[in-house]
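Contents: one structure, followed by commentary.
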Protein chains: 2
Amino acid sequence: MTDRARSWWGWGWEDQALTAEQDRGLAELVGSWFGSGGVQIRPPPELDHVSLRRSRVTAPRSLQKICRTDREDRAAHTHGKAFRDVVRNLLGQLDNPPDLVAHPTTEAEVEAVLDWCCRDGLAAIPYGGGSSVTGGVEARVGDAYPGVVSIDLTALDRVLEVDRITRAARIQGGALGPVLEDQLRPHGLTLRHFPQSFEFSTLGGWLATRSGGHFATVYTHIDDLVESIRAITPAGLFESRRLPGSGAGPSPDRMLLGSEGTLGIITEAWMRLQDRPRWRGAASVHFSTHREGAEATRAIAQAALLPTNCRLLDSGEALLSAGTQVSGGLLVLGFESADHPVEAWLERALELCRDHGGTLPEGARYSDDGATTPDGEPAGPASREGASGTWRNTFLRAPYTRDALVRMGVIVDTFETACTWDRFTEFHASVTEAANQVVQRVCGAGMVTCRFTHVYPDGPAPYFSIFAPGRWGSQVSQWDEIKAAVSEAVLRSGGTITHHHSVGRDHRPWYDRQRPDPFADAFRAAKASLDPAGVLNPGVLLDPPN
Amino acid sequence: MTDRARSWWGWGWEDQALTAEQDRGLAELVGSWFGSGGVQIRPPPELDHVSLRRSRVTAPRSLQKICRTDREDRAAHTHGKAFRDVVRNLLGQLDNPPDLVAHPTTEAEVEAVLDWCCRDGLAAIPYGGGSSVTGGVEARVGDAYPGVVSIDLTALDRVLEVDRITRAARIQGGALGPVLEDQLRPHGLTLRHFPQSFEFSTLGGWLATRSGGHFATVYTHIDDLVESIRAITPAGLFESRRLPGSGAGPSPDRMLLGSEGTLGIITEAWMRLQDRPRWRGAASVHFSTHREGAEATRAIAQAALLPTNCRLLDSGEALLSAGTQVSGGLLVLGFESADHPVEAWLERALELCRDHGGTLPEGARYSDDGATTPDGEPAGPASREGASGTWRNTFLRAPYTRDALVRMGVIVDTFETACTWDRFTEFHASVTEAANQVVQRVCGAGMVTCRFTHVYPDGPAPYFSIFAPGRWGSQVSQWDEIKAAVSEAVLRSGGTITHHHSVGRDHRPWYDRQRPDPFADAFRAAKASLDPAGVLNPGVLLDPPN
């Protein structure tokens, strides 16, 4: 473990936050966007000044060594990392802290903590990296519980077994992204699942929320990288058989995937791995209209070329996250392989781009020739340079920048979804219009950008970003209004309320309308069977008891 | 509709059964295999001589026009098409015929039939093409039901909507393979899901049983070709939203996929389609040991080349189904694309084969150059010739040959599974040994062959075939003994009891041990919520009530 301090109120490492100078540069930019002149930068809150409700629970003696009720731990586990979480932290509004944070170090301790919660009727909230942006780890559980225990799983962080032949590993649910990748690296293997939260989210969290990762096509969700899952439920151990494929009844794994901590606590999984890639090919293609870019992207998605990266950025997004000026769209394309050069694949994808009006500026195409650095990474330029490289860096730094913007009073958030290609043009227009309208109404100014995070043969996963000047102290209600308007537009236009951010508590109103009613009933019945006391993450996916 | 007659007791079209001359040739071969001298060929049974239990139910007046209780229809809906089904038909053992066969022509009629069953407590068995090989459509429902209704869905056979942009179509659940492909062809589209039962199985059946199709890699199961499903459950309409991808809670579709008619009746689905392929590349590679063949197959599966066809046949299988003599194994490889030449893909796969000791006999490689016939099929040689072509023809004809063998008293069946690569060598050895032992013990002679039907980066789906001389009249109990011994070996060695044949009633003992107990409880609870009267396909996946 490291001595570096995690921010209790915002994203990531304290030492990675923007410097005072970077803050000032950003503030200038914000001022120029919104014409708001001098932008005030609020200081991060002092934890000592935040008041927390008294803890209502005491751990049984046998569990006391792994349980904490101190202010720091409870505050850090009160919220996820959504915009509204960071704002409330900055405002000192920690209304629903957990009463206690348990830190089990073994599966037996997970079981013991869960047993205790069931026995005493305490709400039990599984907590991985705490990166939820949908209220998924927050103790908003209603009034039926005498207390809430946040179960922090990050001590279960080991790769327990590696099967080099099959290319799979048995990994504990609490392992953060870098922690598990560090343990796989000596075997020349990698999970290659890189959600934006990679550094501060866990395998168990990815599985529970069906997170979206590195691969823009085919293996988009963590779902497809699973061989088997092991979970502790109040009804007993739920462990599926390790299989590359099966057709034996409905998939048990698929019941846990997306269950968001409501059915059990994922303690281990056998995960499918990749060899570390050696060959890469990347390019950034410019389009003079967004529609042409979307058509090219569709052609590539339907050609079964299966690029690793296939992210169409609109002009606003291209400027903000790739520093590229383009009138219609910028398609960031990437292929990778541990086995063979990818030129044939990239070449055909670029041909499809040209067929749809795409142009390739001088120097916008990179390839690696299979040479590797001593630690097995590709040595060529494809992974380092160009819009693709810029984009990746910006991608990982984005949450730190977000926190700085929040301190400047900016309302900044993302809405991610997916829809079929036949609807896309209208979908994009109506969601963008709804977002612009509500942002203007609520904030008087603002901008909306869009990129594709993943693409399928039958449709893209558009990801909208919103930036608007908030009123300090009212940002949460402003955000709620914006969120509701955009979510309505997404649902009305045929999208999903979430492609990979999960449902949590914040997406419930729209999720409830999206899922089939009989499915909701069946899921409720399944939950009652696995968690008869109803203690697991109440309010997520289903209503908490009254 | 056609006037061709379907066999009531065996596979497919009556006019496609082996001719008397083909029967004699096969009988000679069987005699030479088992040294059993003159092989007796039993005639197909006369339906008039088969006695059926009297029907115990009468349809409500409003449903009478779509209900039949005649001997022919009830007999044809009594069994699936497993070995033990065909044998029992030949022996006239139709112990559990449905009391009535309903033929709804609209979704409203499906609903009305199901309502009636719920009201009167009648077991309701959804019936598509009737190709189940696991007892999935048989009225073995226990004694708690006053009657059984088989619900034949093949009148719901239309493609209702085609979305050319997205490449998707809304298709009714009762459409047989050729019926739906005929309706997609004018749009230049194809589902390209070709299970061996293709001609006589339906979309709804494929979805309900998670069938395995054309693609040997990536899109192996029908699961991955689904955009949304619409089903009638006793608790109401279960319809998921049409989406290319979503992460909103556990997937509703995945609850229905593999539910085998126990939760509801699938009336429609939006399915992902393909453009018709123009370029193909195919090759047949010889290996002197099976192990080398398996290693080459693993290398290809882990290289993300994603062949359409990647079927390793052992020497027995190569001889029987591809007419090729080879000492260790024959790898039938195929690539296809509607978008681009596949030479680079095939070339690299062959390189991997050579690295693992594979050899390519003269003329064992074929390519199409993108030219097409007037109806959009590739015009080149790759789809017609070589071991790959022979294999495909044998594949589709196999069930007819099986029926002829059954009439000769041969015990002939298949066992399909999947396991991870690390276990495969031992898995293959121990399952083969168990199969050989039980076949020798029960039948005194016999042979066991193996091929891969599908392969994954983390393991193959081996498919074992068994041929043994049975004792006329005792084949079912002989088969039961063989089935039990092989299934035990599969479970013990870490495989799945079924990769794509489904669980039905016959796989229950092993399925019950394979699935996690808490999952079984949760699924039981989900079923009770959707089907409170417990009428849907009792005995499949879960025990029927006492």
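Ordering of the structure tokens sets the chain letters (A, B, ...); residue numbers start at 1 within each chain; ligands are numbered from 1 in the order shown.
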
Find the residues of chain B that sit at most 6 Å from chain A; for each, write down the nearest two atoms and how far apart they are in Å, to one decimal. Count only C-alpha atoms. Sort by chain, then by number going up, and give it as a tab-separated table.
```
residue	atom	partner	partner_atom	distance
B:Ile165	CA	A:Asp422	CA	5.5
B:Thr166	CA	A:Asp458	CA	4.7
B:Arg210	CA	A:Gly247	CA	5.6
B:Phe238	CA	A:Pro516	CA	5.6
B:Glu239	CA	A:Pro516	CA	5.6
B:Ser240	CA	A:Pro516	CA	5.8
B:Leu243	CA	A:Cys419	CA	5.5
B:Pro244	CA	A:Gly459	CA	5.3
B:Ser246	CA	A:His499	CA	4.3
B:Gly247	CA	A:His499	CA	4.6
B:Ala248	CA	A:Thr498	CA	5.5
B:Gly249	CA	A:Gly258	CA	4.3
B:Pro250	CA	A:Gly258	CA	4.4
B:Met255	CA	A:Pro250	CA	5.8
B:Leu257	CA	A:Pro250	CA	5.7
B:Gly258	CA	A:Gly249	CA	4.3
B:Ser259	CA	A:Pro250	CA	5.7
B:Ala303	CA	A:Asp339	CA	5.5
B:Asp339	CA	A:Ala303	CA	5.5
B:Cys419	CA	A:Leu243	CA	5.5
B:Thr420	CA	A:Pro244	CA	5.9
B:Trp421	CA	A:Thr166	CA	4.9
B:Asp422	CA	A:Ile165	CA	5.5
B:Asp458	CA	A:Thr166	CA	4.7
B:Gly459	CA	A:Pro244	CA	5.4
B:Thr498	CA	A:Ala248	CA	5.5
B:His499	CA	A:Ser246	CA	4.3
B:His500	CA	A:Gly247	CA	4.9
B:Ser502	CA	A:Ala248	CA	5.7
B:Val503	CA	A:Ala248	CA	5.7
B:Pro516	CA	A:Phe238	CA	5.6
B:Pro518	CA	A:Phe238	CA	5.7
B:Ala522	CA	A:Ala526	CA	4.2
B:Ala525	CA	A:Ala525	CA	5.3
B:Ala526	CA	A:Ala522	CA	4.2
B:Ser529	CA	A:Ala522	CA	5.5
```

Selected residues written out with N, CA, C and O atoms, as a tab-separated table (two decimals), in the first residue's frame:
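This went into again03.tsv:
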```tsv
chain	number	residue	atom	x	y	z
B	165	ILE	N	-30.74	0.09	-42.03
B	165	ILE	CA	-29.67	0.95	-41.51
B	165	ILE	C	-28.96	0.26	-40.34
B	165	ILE	O	-27.73	0.14	-40.32
B	166	THR	N	-29.77	-0.19	-39.39
B	166	THR	CA	-29.21	-0.83	-38.20
B	166	THR	C	-28.78	-2.26	-38.51
B	166	THR	O	-27.97	-2.82	-37.79
B	210	ARG	N	-30.89	-21.00	-25.95
B	210	ARG	CA	-29.53	-20.48	-26.16
B	210	ARG	C	-28.78	-21.33	-27.18
B	210	ARG	O	-27.67	-21.82	-26.90
B	238	PHE	N	-43.76	-9.19	-21.42
B	238	PHE	CA	-42.36	-8.98	-21.03
B	238	PHE	C	-41.65	-8.54	-22.30
B	238	PHE	O	-41.36	-9.36	-23.16
B	239	GLU	N	-41.42	-7.25	-22.42
B	239	GLU	CA	-40.79	-6.74	-23.65
B	239	GLU	C	-39.64	-5.82	-23.31
B	239	GLU	O	-39.82	-4.81	-22.63
B	240	SER	N	-38.47	-6.14	-23.78
B	240	SER	CA	-37.31	-5.31	-23.49
B	240	SER	C	-37.16	-4.24	-24.56
B	240	SER	O	-37.73	-4.33	-25.65
B	243	LEU	N	-32.08	-2.11	-28.02
B	243	LEU	CA	-30.83	-1.39	-27.76
B	243	LEU	C	-29.63	-2.19	-28.27
B	243	LEU	O	-29.62	-3.41	-28.17
B	244	PRO	N	-28.62	-1.50	-28.78
B	244	PRO	CA	-27.42	-2.21	-29.22
B	244	PRO	C	-26.57	-2.67	-28.04
B	244	PRO	O	-25.78	-3.60	-28.16
B	246	SER	N	-26.46	-2.11	-23.37
B	246	SER	CA	-26.98	-1.39	-22.21
B	246	SER	C	-26.30	-1.92	-20.97
B	246	SER	O	-25.77	-3.02	-20.96
B	247	GLY	N	-26.32	-1.11	-19.92
B	247	GLY	CA	-25.75	-1.57	-18.66
B	247	GLY	C	-26.72	-1.29	-17.53
B	247	GLY	O	-26.30	-1.10	-16.40
B	248	ALA	N	-28.01	-1.25	-17.87
B	248	ALA	CA	-29.02	-0.86	-16.89
B	248	ALA	C	-29.52	-2.08	-16.13
B	248	ALA	O	-30.48	-2.72	-16.51
B	249	GLY	N	-28.82	-2.40	-15.05
B	249	GLY	CA	-29.23	-3.56	-14.23
B	249	GLY	C	-28.96	-4.86	-14.95
B	249	GLY	O	-28.44	-4.88	-16.07
B	250	PRO	N	-29.28	-5.99	-14.31
B	250	PRO	CA	-29.11	-7.27	-14.98
B	250	PRO	C	-29.96	-7.28	-16.26
B	250	PRO	O	-31.07	-6.74	-16.26
B	255	MET	N	-32.52	-13.06	-18.85
B	255	MET	CA	-33.39	-13.89	-18.01
B	255	MET	C	-34.21	-14.83	-18.89
B	255	MET	O	-34.45	-15.98	-18.55
B	257	LEU	N	-33.32	-15.69	-22.10
B	257	LEU	CA	-32.41	-16.56	-22.87
B	257	LEU	C	-32.05	-17.77	-22.03
B	257	LEU	O	-31.43	-17.62	-20.98
B	258	GLY	N	-32.42	-18.94	-22.49
B	258	GLY	CA	-32.16	-20.16	-21.72
B	258	GLY	C	-33.29	-20.52	-20.78
B	258	GLY	O	-33.16	-21.49	-20.03
B	259	SER	N	-34.39	-19.78	-20.80
B	259	SER	CA	-35.48	-20.08	-19.86
B	259	SER	C	-36.30	-21.28	-20.34
B	259	SER	O	-37.14	-21.80	-19.60
B	303	ALA	N	-5.72	-15.54	-30.86
B	303	ALA	CA	-5.10	-14.50	-31.68
B	303	ALA	C	-6.11	-13.46	-32.15
B	303	ALA	O	-5.75	-12.52	-32.86
B	339	ASP	N	-17.48	-7.41	-46.36
B	339	ASP	CA	-16.84	-6.11	-46.51
B	339	ASP	C	-15.48	-6.13	-47.17
B	339	ASP	O	-15.10	-5.20	-47.85
B	419	CYS	N	-15.10	-26.62	-21.99
B	419	CYS	CA	-14.20	-26.57	-20.83
B	419	CYS	C	-13.06	-25.60	-21.13
B	419	CYS	O	-12.87	-25.22	-22.27
B	420	THR	N	-12.34	-25.21	-20.10
B	420	THR	CA	-11.24	-24.29	-20.32
B	420	THR	C	-10.03	-25.05	-20.90
B	420	THR	O	-9.91	-26.25	-20.76
B	421	TRP	N	-9.13	-24.29	-21.59
B	421	TRP	CA	-7.99	-24.93	-22.27
B	421	TRP	C	-7.07	-25.68	-21.31
B	421	TRP	O	-6.53	-26.73	-21.66
B	422	ASP	N	-6.88	-25.16	-20.11
B	422	ASP	CA	-5.94	-25.81	-19.19
B	422	ASP	C	-6.37	-27.23	-18.86
B	422	ASP	O	-5.55	-28.09	-18.57
B	458	ASP	N	-10.71	-18.86	-24.27
B	458	ASP	CA	-10.41	-19.60	-23.04
B	458	ASP	C	-10.86	-21.06	-23.04
B	458	ASP	O	-10.80	-21.70	-21.99
B	459	GLY	N	-11.22	-21.58	-24.18
B	459	GLY	CA	-11.54	-23.00	-24.20
B	459	GLY	C	-12.39	-23.42	-25.39
B	459	GLY	O	-13.03	-22.57	-26.02
B	498	THR	N	-24.22	-28.86	-20.84
B	498	THR	CA	-24.64	-28.54	-22.21
B	498	THR	C	-24.05	-27.21	-22.64
B	498	THR	O	-24.09	-26.22	-21.89
B	499	HIS	N	-23.50	-27.21	-23.85
B	499	HIS	CA	-23.00	-25.95	-24.42
B	499	HIS	C	-24.07	-25.27	-25.27
B	499	HIS	O	-24.17	-24.06	-25.30
B	500	HIS	N	-24.89	-26.07	-25.98
B	500	HIS	CA	-25.93	-25.45	-26.81
B	500	HIS	C	-27.12	-26.36	-27.09
B	500	HIS	O	-27.97	-26.00	-27.90
B	502	SER	N	-29.21	-27.35	-24.65
B	502	SER	CA	-30.19	-27.02	-23.60
B	502	SER	C	-30.25	-28.07	-22.50
B	502	SER	O	-29.65	-29.14	-22.62
B	503	VAL	N	-31.00	-27.76	-21.47
B	503	VAL	CA	-31.13	-28.64	-20.29
B	503	VAL	C	-32.32	-29.57	-20.42
B	503	VAL	O	-32.21	-30.79	-20.23
B	516	PRO	N	-25.29	-22.94	-9.37
B	516	PRO	CA	-25.16	-22.55	-7.96
B	516	PRO	C	-26.53	-22.68	-7.26
B	516	PRO	O	-27.54	-22.26	-7.82
B	518	PRO	N	-27.91	-21.03	-4.74
B	518	PRO	CA	-28.66	-19.79	-4.57
B	518	PRO	C	-29.27	-19.30	-5.90
B	518	PRO	O	-30.34	-18.70	-5.91
B	522	ALA	N	-33.15	-18.45	-6.60
B	522	ALA	CA	-33.55	-17.15	-7.16
B	522	ALA	C	-34.35	-17.36	-8.43
B	522	ALA	O	-35.35	-16.66	-8.68
B	525	ALA	N	-37.80	-18.48	-7.62
B	525	ALA	CA	-38.62	-17.35	-7.15
B	525	ALA	C	-39.05	-16.48	-8.33
B	525	ALA	O	-40.20	-16.02	-8.40
B	526	ALA	N	-38.14	-16.26	-9.27
B	526	ALA	CA	-38.46	-15.46	-10.46
B	526	ALA	C	-39.58	-16.15	-11.24
B	526	ALA	O	-40.53	-15.51	-11.69
B	529	SER	N	-42.94	-15.77	-9.72
B	529	SER	CA	-43.48	-14.44	-9.93
B	529	SER	C	-44.09	-14.29	-11.33
B	529	SER	O	-45.13	-13.68	-11.50
```

Nearby residues (only C-alpha atoms) at most 12 Å from stretch 104-120 of chain A, same-chain spacing under 6 positions excluded, as an MDAnalysis selection string = chainID A and resid 57:68 126:128 144:158 172:175 230:237 261 263:268 530:537

task = Write down as a ChimeraX atom specification the residues belonging to stretch 379-478 of chain A that are assigned strand (DSSP E) by DSSP computed on the backbone.
result = /A:410-416,447-456,459-469

Selection file, N, CA, C and O atoms, as a compact mmCIF listing (two decimals), in the first residue's frame:
```txt
# COMPACT_ATOMS: atom_id res chain seq x y z
N VAL A 410 -18.75 25.60 -11.79
CA VAL A 410 -19.24 25.12 -13.08
C VAL A 410 -20.06 23.84 -12.86
O VAL A 410 -19.70 23.00 -12.03
N ILE A 411 -21.15 23.74 -13.57
CA ILE A 411 -21.90 22.48 -13.59
C ILE A 411 -21.34 21.65 -14.73
O ILE A 411 -21.35 22.07 -15.90
N VAL A 412 -20.78 20.51 -14.41
CA VAL A 412 -20.09 19.71 -15.42
C VAL A 412 -20.46 18.25 -15.17
O VAL A 412 -20.29 17.74 -14.07
N ASP A 413 -21.03 17.65 -16.19
CA ASP A 413 -21.41 16.25 -16.00
C ASP A 413 -21.55 15.56 -17.35
O ASP A 413 -21.49 16.21 -18.40
N THR A 414 -21.73 14.26 -17.30
CA THR A 414 -21.84 13.48 -18.53
C THR A 414 -23.10 12.63 -18.46
O THR A 414 -23.56 12.26 -17.39
N PHE A 415 -23.65 12.34 -19.64
CA PHE A 415 -24.82 11.48 -19.77
C PHE A 415 -24.50 10.47 -20.84
O PHE A 415 -24.18 10.85 -21.96
N GLU A 416 -24.56 9.20 -20.50
CA GLU A 416 -24.15 8.21 -21.49
C GLU A 416 -25.31 7.27 -21.77
O GLU A 416 -26.11 6.98 -20.90
N MET A 447 -22.52 24.67 -22.62
CA MET A 447 -22.32 23.96 -23.88
C MET A 447 -22.48 22.46 -23.69
O MET A 447 -22.33 21.92 -22.60
N VAL A 448 -22.81 21.82 -24.81
CA VAL A 448 -23.07 20.38 -24.82
C VAL A 448 -22.21 19.75 -25.90
O VAL A 448 -22.21 20.23 -27.04
N THR A 449 -21.45 18.72 -25.55
CA THR A 449 -20.64 18.03 -26.55
C THR A 449 -20.99 16.54 -26.53
O THR A 449 -21.65 16.07 -25.61
N CYS A 450 -20.54 15.84 -27.55
CA CYS A 450 -20.88 14.42 -27.64
C CYS A 450 -19.74 13.62 -28.24
O CYS A 450 -19.07 14.08 -29.17
N ARG A 451 -19.48 12.45 -27.71
CA ARG A 451 -18.59 11.49 -28.36
C ARG A 451 -19.20 10.11 -28.26
O ARG A 451 -20.13 9.88 -27.50
N PHE A 452 -18.68 9.17 -29.06
CA PHE A 452 -19.06 7.77 -28.92
C PHE A 452 -18.02 7.12 -28.03
O PHE A 452 -16.82 7.23 -28.28
N THR A 453 -18.46 6.41 -27.00
CA THR A 453 -17.49 5.66 -26.21
C THR A 453 -17.32 4.24 -26.74
O THR A 453 -16.25 3.66 -26.65
N HIS A 454 -18.40 3.68 -27.25
CA HIS A 454 -18.38 2.31 -27.77
C HIS A 454 -19.29 2.29 -29.00
O HIS A 454 -20.21 3.10 -29.09
N VAL A 455 -19.02 1.40 -29.92
CA VAL A 455 -19.93 1.25 -31.06
C VAL A 455 -20.21 -0.22 -31.33
O VAL A 455 -19.34 -1.08 -31.14
N TYR A 456 -21.42 -0.48 -31.77
CA TYR A 456 -21.89 -1.83 -32.07
C TYR A 456 -22.34 -1.87 -33.53
O TYR A 456 -22.64 -0.82 -34.10
N GLY A 459 -25.56 -0.03 -33.45
CA GLY A 459 -25.75 1.30 -32.89
C GLY A 459 -24.58 1.79 -32.06
O GLY A 459 -23.75 0.99 -31.61
N PRO A 460 -24.51 3.10 -31.85
CA PRO A 460 -23.42 3.67 -31.06
C PRO A 460 -23.83 3.88 -29.60
O PRO A 460 -25.01 3.81 -29.26
N ALA A 461 -22.84 4.10 -28.76
CA ALA A 461 -23.06 4.50 -27.37
C ALA A 461 -22.61 5.95 -27.24
O ALA A 461 -21.43 6.22 -26.99
N PRO A 462 -23.52 6.90 -27.44
CA PRO A 462 -23.15 8.32 -27.35
C PRO A 462 -23.00 8.76 -25.89
O PRO A 462 -23.72 8.27 -25.02
N TYR A 463 -22.08 9.66 -25.71
CA TYR A 463 -21.71 10.12 -24.37
C TYR A 463 -21.70 11.64 -24.44
O TYR A 463 -20.87 12.23 -25.14
N PHE A 464 -22.65 12.26 -23.74
CA PHE A 464 -22.79 13.72 -23.80
C PHE A 464 -22.10 14.36 -22.60
O PHE A 464 -22.21 13.86 -21.48
N SER A 465 -21.41 15.45 -22.84
CA SER A 465 -20.84 16.22 -21.74
C SER A 465 -21.49 17.60 -21.70
O SER A 465 -21.79 18.17 -22.75
N ILE A 466 -21.69 18.07 -20.50
CA ILE A 466 -22.34 19.36 -20.32
C ILE A 466 -21.48 20.25 -19.44
O ILE A 466 -20.95 19.79 -18.42
N PHE A 467 -21.30 21.49 -19.87
CA PHE A 467 -20.58 22.49 -19.07
C PHE A 467 -21.47 23.73 -18.98
O PHE A 467 -21.91 24.22 -20.01
N ALA A 468 -21.72 24.19 -17.77
CA ALA A 468 -22.57 25.37 -17.62
C ALA A 468 -22.21 26.08 -16.33
O ALA A 468 -21.76 25.46 -15.37
N PRO A 469 -22.41 27.41 -16.31
CA PRO A 469 -22.10 28.17 -15.09
C PRO A 469 -23.20 27.96 -14.04
O PRO A 469 -24.36 28.27 -14.30
```

Spatial neighbours of B:Ser201, max dist 7 Å, only C-alpha atoms, sep filter under 3 positions, as a VMD selection string = chain B and resid 128 to 131 176 to 177 197 to 198 205

ask   = What separation in Å, quoted to one decimal, exists between atom CA of A:Gly539 and atom CA of A:Arg140?
value = 7.2 Å

key: Who sits within 12 Å of B:Leu331, only C-alpha atoms, same chain under 2 positions skipped, as a PyMOL selection string   = chain B and resi 282-298+300+307+309-315+317-318+322+324+326+328-329+333-334+349-350+352-354+356-360+364-365+387-388+391+451-453+455
